[in-house]
Structures are given as C-alpha cells and as structure tokens.
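J.: Next up, entry12.cif (mmCIF, C-alpha atoms, pLDDT in the B column; chains and numbers go by the auth columns).
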```cif
data_start
#
loop_
_atom_site.group_PDB
_atom_site.id
_atom_site.type_symbol
_atom_site.label_atom_id
_atom_site.label_comp_id
_atom_site.label_asym_id
_atom_site.label_seq_id
_atom_site.Cartn_x
_atom_site.Cartn_y
_atom_site.Cartn_z
_atom_site.B_iso_or_equiv
_atom_site.auth_seq_id
_atom_site.auth_asym_id
ATOM 1 C CA MET A 1 16.005 6.800 -15.968 74.00 162 A
ATOM 2 C CA LYS A 2 12.363 7.445 -16.882 81.00 163 A
ATOM 3 C CA LYS A 3 12.893 11.211 -16.599 84.00 164 A
ATOM 4 C CA GLN A 4 15.800 11.011 -18.998 89.00 165 A
ATOM 5 C CA TRP A 5 13.691 9.194 -21.581 88.00 166 A
ATOM 6 C CA ASN A 6 10.946 11.800 -21.176 87.00 167 A
ATOM 7 C CA ILE A 7 13.475 14.572 -21.844 90.00 168 A
ATOM 8 C CA VAL A 8 14.814 12.754 -24.904 90.00 169 A
ATOM 9 C CA LEU A 9 11.289 12.277 -26.278 89.00 170 A
ATOM 10 C CA LEU A 10 10.442 15.924 -25.601 83.00 171 A
ATOM 11 C CA ILE A 11 13.550 17.107 -27.484 90.00 172 A
ATOM 12 C CA ALA A 12 12.691 14.796 -30.410 90.00 173 A
ATOM 13 C CA LEU A 13 9.119 16.142 -30.481 85.00 174 A
ATOM 14 C CA ILE A 14 10.321 19.762 -30.451 84.00 175 A
ATOM 15 C CA LEU A 15 12.752 18.968 -33.257 88.00 176 A
ATOM 16 C CA LEU A 16 9.942 17.438 -35.339 87.00 177 A
ATOM 17 C CA VAL A 17 7.728 20.486 -34.757 80.00 178 A
ATOM 18 C CA VAL A 18 10.536 22.859 -35.821 81.00 179 A
ATOM 19 C CA ILE A 19 11.222 20.860 -38.990 87.00 180 A
ATOM 20 C CA PHE A 20 7.471 20.705 -39.702 81.00 181 A
ATOM 21 C CA SER A 21 7.179 24.485 -39.214 78.00 182 A
ATOM 22 C CA VAL A 22 10.065 25.280 -41.571 81.00 183 A
ATOM 23 C CA MET A 23 8.604 23.006 -44.254 85.00 184 A
ATOM 24 C CA ASN A 24 5.088 24.576 -44.048 80.00 185 A
ATOM 25 C CA VAL A 25 5.611 28.353 -44.170 83.00 186 A
ATOM 26 C CA ASP A 26 3.636 28.883 -47.396 88.00 187 A
ATOM 27 C CA PRO A 27 0.729 31.328 -46.961 90.00 188 A
ATOM 28 C CA VAL A 28 -2.777 29.938 -47.101 90.00 189 A
ATOM 29 C CA ALA A 29 -6.025 31.834 -47.628 90.00 190 A
ATOM 30 C CA ILE A 30 -8.689 31.195 -44.994 88.00 191 A
ATOM 31 C CA ASN A 31 -12.218 32.262 -45.897 89.00 192 A
ATOM 32 C CA PHE A 32 -14.561 33.018 -42.982 85.00 193 A
ATOM 33 C CA GLY A 33 -17.456 33.887 -45.288 88.00 194 A
ATOM 34 C CA PHE A 34 -17.340 37.581 -44.555 90.00 195 A
ATOM 35 C CA SER A 35 -13.567 37.966 -44.713 90.00 196 A
ATOM 36 C CA THR A 36 -10.507 36.233 -46.094 92.00 197 A
ATOM 37 C CA ILE A 37 -7.088 36.257 -44.459 92.00 198 A
ATOM 38 C CA GLN A 38 -3.648 34.999 -45.486 94.00 199 A
ATOM 39 C CA VAL A 39 -1.654 33.073 -42.827 91.00 200 A
ATOM 40 C CA PRO A 40 1.191 30.556 -42.959 89.00 201 A
ATOM 41 C CA LEU A 41 0.062 26.924 -43.210 88.00 202 A
ATOM 42 C CA VAL A 42 1.940 25.999 -40.032 85.00 203 A
ATOM 43 C CA VAL A 43 -0.119 28.546 -38.052 87.00 204 A
ATOM 44 C CA VAL A 44 -3.356 27.034 -39.368 87.00 205 A
ATOM 45 C CA LEU A 45 -2.193 23.525 -38.475 84.00 206 A
ATOM 46 C CA ILE A 46 -0.994 24.500 -34.994 84.00 207 A
ATOM 47 C CA VAL A 47 -4.186 26.470 -34.219 88.00 208 A
ATOM 48 C CA THR A 48 -6.281 23.547 -35.455 88.00 209 A
ATOM 49 C CA LEU A 49 -4.219 21.162 -33.323 85.00 210 A
ATOM 50 C CA LEU A 50 -4.640 23.401 -30.249 89.00 211 A
ATOM 51 C CA ILE A 51 -8.411 23.614 -30.806 94.00 212 A
ATOM 52 C CA GLY A 52 -8.512 19.794 -31.015 92.00 213 A
ATOM 53 C CA VAL A 53 -6.479 19.483 -27.820 89.00 214 A
ATOM 54 C CA LEU A 54 -8.770 21.970 -26.069 95.00 215 A
ATOM 55 C CA ILE A 55 -11.864 20.007 -27.109 96.00 216 A
ATOM 56 C CA ALA A 56 -10.263 16.747 -25.943 94.00 217 A
ATOM 57 C CA VAL A 57 -9.316 18.291 -22.577 95.00 218 A
ATOM 58 C CA ILE A 58 -12.839 19.656 -22.057 96.00 219 A
ATOM 59 C CA LEU A 59 -14.451 16.306 -22.902 95.00 220 A
ATOM 60 C CA SER A 60 -12.042 14.287 -20.784 95.00 221 A
ATOM 61 C CA THR A 61 -12.465 16.698 -17.854 96.00 222 A
ATOM 62 C CA THR A 62 -16.235 16.319 -18.119 95.00 223 A
ATOM 63 C CA ILE A 63 -15.917 12.539 -18.128 96.00 224 A
ATOM 64 C CA ILE A 64 -13.504 12.622 -15.188 96.00 225 A
ATOM 65 C CA LEU A 65 -15.882 14.819 -13.182 96.00 226 A
ATOM 66 C CA GLN A 66 -18.800 12.501 -13.979 96.00 227 A
ATOM 67 C CA ASN A 67 -16.729 9.500 -12.888 96.00 228 A
ATOM 68 C CA LYS A 68 -15.766 11.225 -9.624 96.00 229 A
ATOM 69 C CA SER A 69 -19.413 12.036 -8.951 96.00 230 A
ATOM 70 C CA GLU A 70 -20.405 8.441 -9.652 97.00 231 A
ATOM 71 C CA GLN A 71 -17.588 7.208 -7.424 97.00 232 A
ATOM 72 C CA LYS A 72 -18.800 9.415 -4.562 97.00 233 A
ATOM 73 C CA LYS A 73 -22.336 8.041 -4.978 97.00 234 A
ATOM 74 C CA LEU A 74 -21.029 4.480 -4.996 97.00 235 A
ATOM 75 C CA ASN A 75 -18.852 5.134 -1.936 97.00 236 A
ATOM 76 C CA ARG A 76 -21.874 6.530 -0.075 97.00 237 A
ATOM 77 C CA ARG A 77 -23.919 3.498 -1.120 97.00 238 A
ATOM 78 C CA LEU A 78 -21.109 1.185 0.001 96.00 239 A
ATOM 79 C CA GLU A 79 -20.935 2.891 3.403 96.00 240 A
ATOM 80 C CA GLU A 80 -24.706 2.591 3.709 96.00 241 A
ATOM 81 C CA ILE A 81 -24.615 -1.115 2.865 96.00 242 A
ATOM 82 C CA GLU A 82 -21.688 -1.708 5.231 96.00 243 A
ATOM 83 C CA GLY A 83 -23.605 0.094 7.980 95.00 244 A
ATOM 84 C CA LYS A 84 -26.674 -2.062 7.385 96.00 245 A
ATOM 85 C CA SER A 85 -24.503 -5.165 7.304 96.00 246 A
ATOM 86 C CA ARG A 86 -22.816 -4.170 10.558 96.00 247 A
ATOM 87 C CA GLN A 87 -26.214 -3.521 12.179 96.00 248 A
ATOM 88 C CA GLU A 88 -27.597 -6.836 10.950 96.00 249 A
ATOM 89 C CA ARG A 89 -24.499 -8.630 12.254 96.00 250 A
ATOM 90 C CA GLU A 90 -24.948 -6.970 15.666 96.00 251 A
ATOM 91 C CA ASP A 91 -28.650 -7.874 15.664 95.00 252 A
ATOM 92 C CA LEU A 92 -27.823 -11.475 14.773 95.00 253 A
ATOM 93 C CA ASN A 93 -25.189 -11.645 17.510 96.00 254 A
ATOM 94 C CA ALA A 94 -27.678 -10.286 20.043 95.00 255 A
ATOM 95 C CA LEU A 95 -30.310 -12.757 18.865 95.00 256 A
ATOM 96 C CA HIS A 96 -27.746 -15.565 19.002 96.00 257 A
ATOM 97 C CA LYS A 97 -26.777 -14.666 22.572 96.00 258 A
ATOM 98 C CA LYS A 98 -30.447 -14.479 23.554 96.00 259 A
ATOM 99 C CA GLU A 99 -31.119 -17.858 21.959 96.00 260 A
ATOM 100 C CA ILE A 100 -28.098 -19.394 23.719 96.00 261 A
ATOM 101 C CA LYS A 101 -29.306 -17.998 27.042 95.00 262 A
ATOM 102 C CA SER A 102 -32.791 -19.365 26.408 95.00 263 A
ATOM 103 C CA LEU A 103 -31.426 -22.784 25.488 95.00 264 A
ATOM 104 C CA LYS A 104 -29.221 -22.855 28.604 95.00 265 A
ATOM 105 C CA GLU A 105 -32.252 -22.030 30.736 95.00 266 A
ATOM 106 C CA GLU A 106 -34.256 -24.798 29.053 95.00 267 A
ATOM 107 C CA LYS A 107 -31.355 -27.196 29.572 95.00 268 A
ATOM 108 C CA GLU A 108 -31.155 -26.281 33.274 95.00 269 A
ATOM 109 C CA GLU A 109 -34.923 -26.743 33.648 95.00 270 A
ATOM 110 C CA ALA A 110 -34.724 -30.115 31.900 95.00 271 A
ATOM 111 C CA GLN A 111 -31.800 -31.188 34.090 96.00 272 A
ATOM 112 C CA THR A 112 -33.732 -30.103 37.180 96.00 273 A
ATOM 113 C CA LYS A 113 -36.731 -32.168 36.039 95.00 274 A
ATOM 114 C CA ILE A 114 -34.461 -35.144 35.358 95.00 275 A
ATOM 115 C CA ARG A 115 -32.952 -34.899 38.870 95.00 276 A
ATOM 116 C CA GLU A 116 -36.418 -34.623 40.355 95.00 277 A
ATOM 117 C CA LEU A 117 -37.578 -37.677 38.401 94.00 278 A
ATOM 118 C CA GLU A 118 -34.451 -39.606 39.423 93.00 279 A
ATOM 119 C CA ARG A 119 -35.181 -38.759 43.067 94.00 280 A
ATOM 120 C CA ARG A 120 -38.750 -39.951 42.693 93.00 281 A
ATOM 121 C CA ILE A 121 -37.566 -43.170 41.062 92.00 282 A
ATOM 122 C CA GLN A 122 -35.055 -43.669 43.859 92.00 283 A
ATOM 123 C CA ASN A 123 -37.747 -42.972 46.475 90.00 284 A
ATOM 124 C CA MET A 124 -40.083 -45.404 44.743 90.00 285 A
ATOM 125 C CA GLN A 125 -37.393 -48.049 44.611 88.00 286 A
ATOM 126 C CA THR A 126 -36.611 -47.465 48.270 88.00 287 A
ATOM 127 C CA THR A 127 -40.314 -47.665 49.116 86.00 288 A
ATOM 128 C CA ASN A 128 -40.737 -50.847 47.057 79.00 289 A
ATOM 129 C CA THR A 129 -37.675 -52.391 48.699 79.00 290 A
ATOM 130 C CA THR A 130 -39.034 -51.480 52.123 78.00 291 A
ATOM 131 C CA HIS A 131 -42.469 -52.951 51.299 72.00 292 A
ATOM 132 C CA ASP A 132 -40.865 -56.081 49.914 69.00 293 A
ATOM 133 C CA GLN A 133 -38.805 -56.528 53.061 72.00 294 A
ATOM 134 C CA ASN A 134 -41.848 -55.920 55.267 69.00 295 A
ATOM 135 C CA GLY A 135 -43.857 -58.419 53.244 64.00 296 A
ATOM 136 C CA LYS A 136 -41.141 -61.086 53.616 65.00 297 A
ATOM 137 C CA ILE A 137 -40.919 -60.529 57.325 60.00 298 A
ATOM 138 C CA ASN A 138 -44.679 -60.890 57.906 55.00 299 A
#
```
Can I see the file as structure tokens?
T.:
Amino acid sequence: MKKQWNIVLLIALILLVVIFSVMNVDPVAINFGFSTIQVPLVVVLIVTLLIGVLIAVILSTTIILQNKSEQKKLNRRLEEIEGKSRQEREDLNALHKKEIKSLKEEKEEAQTKIRELERRIQNMQTTNTTHDQNGKIN
C-alpha cells in the first residue's frame, strides 16, 4: 500500500513539474559579468534547484559522516568502559571470595578456641568436683 502511495505522489510531482515547465518557457537573460546568455526560465529554475539539492546532499553527507565517526568513538569508549567494568567486577568477586575464605578460617579458629575453652572449663569442673568429693570424704 505504501508503494502505491509513493507512485501516486511521484506521478503528481512529475505532473506539477511538467505544468510548471510549460508555464515558464519565456527566455531570460543571465549576466555572468563577462558574458550574457539567453535561456528559458524553467532551465534557470531547475538548474538552481539542482545546485541547491547538490549543496544539501553534500552538507548532509558531511554531517552523516561526522556522526558515524562520533558513533565509532563512542562505541570504542563504551567497549573500554564495559571492559573496565567487567575487570572491576571480576576483581571484586575475587576479593569477595578471598574475604569469605578468610572469614571462614577465622570462624574455624574461633570455634576451635571455643571448643578448647569448653574442654578446659569441663576439666576444671571435673577437677573441682573431684576435689570437693575428696574434701567431703576426708
């Protein structure tokens, strides 16, 4: 459906250009300073239009190329930042694992100390109980 509308608009545009050309066939003098020529007005208008289109195409192409160059720079910068982010994440994960391992070791050492202290307390209680019983017997 869109193609059909494009064709209809193209035919309408061509029809307008033909009507415009037929209405503007009067000769016009163009003075270049060193020479003067006579050409139909429609030729002057069409040439002027084409020069304008050419200038617009050149400027837009320049802008498009600048934008592509800027986009490439930004993409490179993005990849660089993503790489740094990935590296920092890996470093943090490694540090986290190391810290977890260290904390587990500290926990195991603390638990070992607690068991040792509990044994000592138990031995002391056993010793005190034994002394108390010996003292009651004597």
J.: Find the residue from A:Leu235, A:Met285, A:Leu202, A:Leu220 that sits nearest to A:Met184; use only C-alpha atoms when measuring.
T.: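 The closest residue to A:Met184 is A:Leu202.
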J.: Would you kindly translate the PyMOL selection byres ((chain A and resi 201) around 6) into the concrete residues it picks from this file, as a ChimeraX atom specification?
T.: /A:186-189,200,202-204
J.: Given 4 Å on each side, where is the centre and what are the edge lengths in Å to one decimal of the axis-aligned box enclosing the listed atoms of stretch 288-292 of chain A, as lines of an AutoDock Vina configuration file?
T.:
```
center_x = -40.1
center_y = -50.3
center_z = 49.6
size_x = 12.8
size_y = 13.3
size_z = 13.1
```
J.: Work out how far apart atom CA of A:Asp252 and atom CA of A:Lys265 are and give it in Å to one decimal.
T.: 19.8 Å
J.: Would you mind reading off the distance between atom CA of A:Thr287 and atom CA of A:Ile275, one decimal, in Å?
T.: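 Atom-to-atom, atom CA of A:Thr287 to atom CA of A:Ile275, that is 18.0 Å.
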J.: Could you check the closest approach to A:Ile191 for each of A:Ile216, A:Leu206, A:Leu239, A:Leu211 and tell me which residue wins, using all atoms listed in the file?
T.: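 Using all atoms listed in the file, the shortest distance to A:Ile191 belongs to A:Leu206.
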J.: Calculate how many Å separate atom CA of A:Glu279 from atom CA of A:Glu260, rounding to one decimal.
T.: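 Atom CA of A:Glu260 lies 28.1 Å from atom CA of A:Glu279.
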